[in-house]
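Listing of run.txt, compact mmCIF, C-alpha atoms
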```txt
# COMPACT_ATOMS: atom_id res chain seq x y z
CA ASP Z 1 75.68 109.54 195.30
CA ALA Z 2 76.86 113.00 194.28
CA LYS Z 3 78.07 113.57 190.73
CA THR Z 4 81.72 114.38 190.08
CA THR Z 5 83.36 116.40 187.31
CA GLN Z 6 86.95 115.80 186.21
CA PRO Z 7 89.01 117.10 183.29
CA PRO Z 8 89.15 114.44 180.56
CA SER Z 9 92.92 114.45 180.30
CA MET Z 10 96.10 115.85 181.84
CA ASP Z 11 99.80 115.62 181.20
CA CYS Z 12 102.64 115.57 183.67
CA ALA Z 13 106.41 115.39 183.41
CA GLU Z 14 108.10 112.47 185.09
CA GLY Z 15 109.37 113.40 188.55
CA ARG Z 16 106.99 116.32 188.89
CA ALA Z 17 103.88 116.44 191.05
CA ALA Z 18 100.63 115.53 189.33
CA ASN Z 19 97.63 117.44 190.66
CA LEU Z 20 94.30 115.99 189.57
CA PRO Z 21 91.22 118.10 190.34
CA CYS Z 22 87.68 116.94 190.98
CA ASN Z 23 84.50 118.94 191.49
CA HIS Z 24 81.72 117.49 193.61
CA SER Z 25 79.59 120.51 194.43
CA THR Z 26 76.52 118.48 195.45
CA ILE Z 27 78.33 116.32 197.98
CA SER Z 28 76.40 115.73 201.17
CA GLY Z 29 77.71 115.63 204.70
CA ASN Z 30 78.00 111.87 205.00
CA GLU Z 31 79.61 111.23 201.62
CA TYR Z 32 83.26 110.39 201.23
CA VAL Z 33 85.56 111.26 198.34
CA TYR Z 34 87.34 108.23 196.88
CA TRP Z 35 90.05 108.00 194.25
CA TYR Z 36 90.77 104.95 192.14
CA ARG Z 37 92.95 104.52 189.11
CA GLN Z 38 92.89 102.05 186.24
CA ILE Z 39 96.09 101.24 184.46
CA HIS Z 40 95.60 99.89 180.96
CA SER Z 41 94.22 96.33 180.86
CA GLN Z 42 93.96 96.10 184.64
CA GLY Z 43 91.18 96.37 187.19
CA PRO Z 44 90.76 99.63 189.12
CA GLN Z 45 93.10 100.15 192.06
CA TYR Z 46 92.18 101.98 195.25
CA ILE Z 47 94.35 105.03 195.97
CA ILE Z 48 92.94 107.04 198.84
CA HIS Z 49 89.75 108.41 200.37
CA GLY Z 50 88.68 111.14 202.78
CA LEU Z 51 85.71 112.83 204.37
CA LYS Z 52 86.78 116.36 205.21
CA ASN Z 53 90.37 116.29 206.40
CA ASN Z 54 93.35 116.08 204.10
CA GLU Z 55 94.74 112.57 203.83
CA THR Z 56 98.10 111.13 202.84
CA ASN Z 57 99.30 107.59 202.26
CA GLU Z 58 102.19 105.93 200.51
CA MET Z 59 100.63 106.50 197.11
CA ALA Z 60 99.18 109.99 197.19
CA SER Z 61 97.75 112.93 199.07
CA LEU Z 62 94.15 114.06 199.01
CA ILE Z 63 93.29 117.70 199.58
CA ILE Z 64 89.61 118.47 200.20
CA THR Z 65 88.46 122.09 200.26
CA GLU Z 66 86.85 123.40 203.39
CA ASP Z 67 83.40 123.52 201.80
CA ARG Z 68 84.03 119.97 200.45
CA LYS Z 69 82.84 120.95 197.00
CA SER Z 70 86.09 120.02 195.34
CA SER Z 71 89.23 118.02 195.94
CA THR Z 72 92.68 117.42 194.45
CA LEU Z 73 94.60 114.20 194.25
CA ILE Z 74 98.35 114.77 194.38
CA LEU Z 75 100.92 112.28 193.16
CA PRO Z 76 104.06 113.91 194.57
CA HIS Z 77 106.63 112.47 192.16
CA ALA Z 78 104.90 111.04 189.11
CA THR Z 79 106.52 108.16 187.27
CA LEU Z 80 105.75 106.62 183.89
CA ARG Z 81 103.92 103.83 185.73
CA ASP Z 82 101.42 106.38 187.04
CA THR Z 83 99.98 106.78 183.54
CA ALA Z 84 96.37 105.68 184.00
CA VAL Z 85 92.75 106.78 184.16
CA TYR Z 86 92.03 108.37 187.54
CA TYR Z 87 88.51 108.23 188.90
CA CYS Z 88 87.12 110.54 191.56
CA ILE Z 89 84.08 108.93 193.22
CA VAL Z 90 81.76 110.28 195.86
CA ARG Z 91 79.79 107.78 197.86
CA ASN Z 92 77.95 107.24 201.07
CA ALA Z 93 79.86 105.11 203.53
CA GLY Z 94 76.83 103.08 204.49
CA GLY Z 95 73.21 102.35 203.73
CA THR Z 96 72.08 100.82 200.47
CA SER Z 97 75.09 102.27 198.64
CA TYR Z 98 77.62 100.46 200.83
CA GLY Z 99 80.46 99.15 198.71
CA LYS Z 100 79.00 100.35 195.44
CA LEU Z 101 81.13 102.59 193.25
CA THR Z 102 79.70 104.88 190.58
CA PHE Z 103 82.45 105.56 188.05
CA GLY Z 104 82.45 108.68 185.90
CA GLN Z 105 84.66 109.11 182.85
CA GLY Z 106 87.73 109.97 184.90
CA THR Z 107 90.91 111.82 183.95
CA ILE Z 108 93.44 110.22 181.66
CA LEU Z 109 96.81 111.14 183.17
CA THR Z 110 99.78 110.76 180.87
CA VAL Z 111 103.20 110.99 182.46
CA HIS Z 112 105.91 111.68 179.91
CA PRO Z 113 109.70 111.52 180.20
CA SER W 114 95.91 92.78 200.75
CA ALA W 115 93.24 90.49 199.33
CA VAL W 116 93.53 89.21 195.77
CA ILE W 117 90.78 88.41 193.28
CA SER W 118 91.32 85.89 190.51
CA GLN W 119 89.00 85.81 187.55
CA LYS W 120 88.62 83.04 185.01
CA PRO W 121 88.77 83.12 182.09
CA SER W 122 90.91 86.19 181.54
CA ARG W 123 89.56 86.48 178.02
CA ASP W 124 87.33 84.58 175.64
CA ILE W 125 85.85 84.79 172.17
CA CYS W 126 82.32 83.41 171.99
CA GLN W 127 79.71 82.80 169.36
CA ARG W 128 76.52 84.80 169.49
CA GLY W 129 73.65 82.98 171.12
CA THR W 130 75.88 81.06 173.53
CA SER W 131 76.51 81.68 177.23
CA LEU W 132 79.71 82.21 179.20
CA THR W 133 80.22 81.80 182.93
CA ILE W 134 82.92 83.91 184.57
CA GLN W 135 84.36 82.83 187.88
CA CYS W 136 85.60 85.13 190.63
CA GLN W 137 87.68 83.70 193.48
CA VAL W 138 88.92 85.79 196.42
CA ASP W 139 91.79 84.56 198.55
CA SER W 140 90.03 85.62 201.76
CA GLN W 141 86.48 86.04 202.95
CA VAL W 142 84.76 89.24 201.91
CA THR W 143 81.56 90.82 203.09
CA MET W 144 80.35 91.90 199.69
CA MET W 145 81.02 91.06 196.06
CA PHE W 146 80.03 93.02 192.99
CA TRP W 147 80.08 92.61 189.22
CA TYR W 148 80.84 95.47 186.85
CA ARG W 149 80.89 95.84 183.09
CA GLN W 150 83.25 98.06 181.12
CA GLN W 151 82.27 98.51 177.51
CA PRO W 152 84.97 99.44 174.99
CA GLY W 153 86.33 102.92 175.66
CA GLN W 154 83.89 103.47 178.50
CA SER W 155 83.93 103.63 182.27
CA LEU W 156 82.75 100.90 184.62
CA THR W 157 79.05 100.27 185.24
CA LEU W 158 77.77 98.25 188.17
CA ILE W 159 75.73 95.22 187.10
CA ALA W 160 74.75 93.76 190.45
CA THR W 161 75.61 92.95 194.02
CA ALA W 162 76.23 89.24 194.52
CA ASN W 163 74.50 88.17 197.75
CA GLN W 164 75.67 85.08 199.55
CA GLY W 165 73.04 82.37 199.51
CA SER W 166 70.34 84.51 197.92
CA GLU W 167 69.44 86.20 194.68
CA ALA W 168 71.68 88.98 193.46
CA THR W 169 70.55 92.60 193.58
CA TYR W 170 70.58 94.06 190.08
CA GLU W 171 71.07 97.67 189.05
CA SER W 172 68.70 99.42 186.69
CA GLY W 173 69.08 98.09 183.17
CA PHE W 174 70.37 94.66 184.17
CA VAL W 175 68.20 91.57 184.66
CA ILE W 176 68.70 88.13 186.13
CA ASP W 177 67.74 86.28 182.96
CA LYS W 178 70.57 87.93 181.06
CA PHE W 179 73.17 88.01 183.85
CA PRO W 180 72.49 85.22 186.36
CA ILE W 181 74.82 85.45 189.35
CA SER W 182 75.66 82.98 192.05
CA ARG W 183 77.52 83.40 195.31
CA PRO W 184 77.59 80.16 197.26
CA ASN W 185 80.07 81.33 199.93
CA LEU W 186 82.12 84.30 201.12
CA THR W 187 84.99 83.82 198.65
CA PHE W 188 83.43 82.81 195.34
CA SER W 189 80.96 84.15 192.79
CA THR W 190 80.04 83.52 189.19
CA LEU W 191 78.49 85.74 186.52
CA THR W 192 76.92 84.22 183.44
CA VAL W 193 76.40 86.25 180.31
CA SER W 194 73.49 84.52 178.60
CA ASN W 195 72.40 84.39 174.98
CA MET W 196 75.26 86.63 173.99
CA SER W 197 75.22 89.20 171.22
CA PRO W 198 78.06 91.41 169.92
CA GLU W 199 76.77 94.20 172.20
CA ASP W 200 77.85 92.09 175.17
CA SER W 201 81.49 92.43 174.15
CA SER W 202 83.01 94.09 177.21
CA ILE W 203 85.35 93.62 180.10
CA TYR W 204 83.59 92.09 183.08
CA LEU W 205 85.11 92.81 186.49
CA CYS W 206 84.54 91.32 189.89
CA SER W 207 84.99 93.42 193.02
CA GLY W 208 85.20 92.50 196.68
CA LEU W 209 84.82 94.44 199.89
CA SER W 210 85.29 93.56 203.52
CA MET W 211 85.27 95.43 206.80
CA ASN W 212 89.06 95.72 206.65
CA THR W 213 89.50 96.81 203.05
CA GLU W 214 88.26 99.24 200.52
CA ALA W 215 86.71 97.81 197.36
CA PHE W 216 89.26 95.92 195.30
CA PHE W 217 89.03 94.45 191.82
CA GLY W 218 90.09 91.50 189.76
CA GLN W 219 91.92 91.90 186.47
CA GLY W 220 88.73 91.42 184.52
CA THR W 221 87.48 89.08 181.83
CA ARG W 222 87.69 90.42 178.29
CA LEU W 223 84.78 89.02 176.32
CA THR W 224 84.41 89.27 172.57
CA VAL W 225 81.21 88.02 170.95
CA VAL W 226 81.34 87.24 167.26
```
Show how you would write the structure in this file as structure tokens.
Amino acid sequence: DAKTTQPPSMDCAEGRAANLPCNHSTISGNEYVYWYRQIHSQGPQYIIHGLKNNETNEMASLIITEDRKSSTLILPHATLRDTAVYYCIVRNAGGTSYGKLTFGQGTILTVHP
Amino acid sequence: SAVISQKPSRDICQRGTSLTIQCQVDSQVTMMFWYRQQPGQSLTLIATANQGSEATYESGFVIDKFPISRPNLTFSTLTVSNMSPEDSSIYLCSGLSMNTEAFFGQGTRLTVV
């Protein structure tokens, strides 16, 4: 699976959009971009994933650049409960890597009042 | 969405002893995984729990230290054997099915003294 690079930490004001970047310059054509988050003392929680098109769900939006070498997770209206470690993960949808997640160090997002 | 329950949620154990962690999913899943999260670190995959056969271990993890069982599609156990203080970590179970992305339990916080 391709390696990802994320800033170690970010801050965001409550009610503002949080934009979390991720670089994955070695991503291959059949690898998806996944985002998970881990709130303190909990297991990781799935947020969103995409291949090449932008995606949106009830939690967030995922913007993937045209060359797929980077992406941005957008939390449109951050709340204090969004304070967590956010993990960007690139993985193959099938084959021997199916279901396996390789976690990097992630970005610690702190939402403040 | 599916829910994973892990038992125990936390434990303090003496070095040299073993602890078995249980993972119960409320619906059948195709795949189950075990991860370790050492203090202040990200998650590392230990193994894939295979139903009715031996688990598939990642590099650096061996069956003698981390025996795993998966007797059916909803249940798995991980044993941490002959524990030392270096085994103090959070151990997390993950499940995956055709209809879901990978989801996690709340983890078992293990302290070895």
For this session: Give the residues of chain W that lie within 8 Å of chain Z; count all atoms listed in the file, and format the answer as a ChimeraX atom specification.
Result: /W:144,146,154-158,205,209,214-220
Exercise. Atom CA of W:Thr187 and atom CA of W:Gln137 are how many Å apart?
Worked result: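 Distance reported for this atom pair: 5.8 Å.
Considering all atoms listed in the file, the residue among W:Ala115, W:Cys206, W:Ile176, W:Leu132 positioned nearest to W:Thr224 is W:Leu132.
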Problem set entry | Surrounding residues of Z:Met10 excluding itself and chain neighbours under 5 positions, 12 Å, all atoms listed in the file, as a list in words |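 The residues that qualify are Ala18, Asn19, Leu20, Pro21, Thr83, Ala84, Val85, Tyr86, Gly106, Thr107, Ile108, Leu109, Thr110, Val111 and His112 of chain Z.
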Could you turn the residues from that selection into a file that holds C-alpha atoms, as a PDB file, in the coordinates of the input?
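The new file result33.pdb reads:
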```pdb
ATOM      1  CA  ALA Z  18     100.630 115.530 189.330  1.00  0.00           C
ATOM      2  CA  ASN Z  19      97.630 117.440 190.660  1.00  0.00           C
ATOM      3  CA  LEU Z  20      94.300 115.990 189.570  1.00  0.00           C
ATOM      4  CA  PRO Z  21      91.220 118.100 190.340  1.00  0.00           C
ATOM      5  CA  THR Z  83      99.980 106.780 183.540  1.00  0.00           C
ATOM      6  CA  ALA Z  84      96.370 105.680 184.000  1.00  0.00           C
ATOM      7  CA  VAL Z  85      92.750 106.780 184.160  1.00  0.00           C
ATOM      8  CA  TYR Z  86      92.030 108.370 187.540  1.00  0.00           C
ATOM      9  CA  GLY Z 106      87.730 109.970 184.900  1.00  0.00           C
ATOM     10  CA  THR Z 107      90.910 111.820 183.950  1.00  0.00           C
ATOM     11  CA  ILE Z 108      93.440 110.220 181.660  1.00  0.00           C
ATOM     12  CA  LEU Z 109      96.810 111.140 183.170  1.00  0.00           C
ATOM     13  CA  THR Z 110      99.780 110.760 180.870  1.00  0.00           C
ATOM     14  CA  VAL Z 111     103.200 110.990 182.460  1.00  0.00           C
ATOM     15  CA  HIS Z 112     105.910 111.680 179.910  1.00  0.00           C
TER      16      HIS Z 112
END
```
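The space between atom CA of W:Phe174 and atom CA of W:Val138 spans 23.9 Å.
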Seminar exercise, completed: Using only C-alpha atoms, the best pick from W:Met196, W:Leu191, W:Ile203, W:Leu186 as closest to W:Ser140 would be W:Leu186
Exercise. If you count only C-alpha atoms, which residues fall within 10 Å of stretch 67-81 of chain Z, apart from same-chain ones fewer than 3 positions away, as an MDAnalysis selection string?
Worked result: chainID Z and resid 4:5 12:29 31:35 39 47:56 58:64 84 86 88 110:113
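The smallest atom-to-atom distance between W:Gln135 and any of W:Thr169, W:Gln119, W:Ser201, W:Asn195, using all atoms listed in the file, is found for W:Gln119.
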Exercise. Could you name the residues that touch W:Ser182 at 7 Å or less, counting only C-alpha atoms, but leaving out those on the same chain fewer than 4 positions away, as a list in words?
Worked result: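 Neighbouring residues, sequence-local ones excluded: Ala162, Ser189, Thr190 and Leu191 of chain W.
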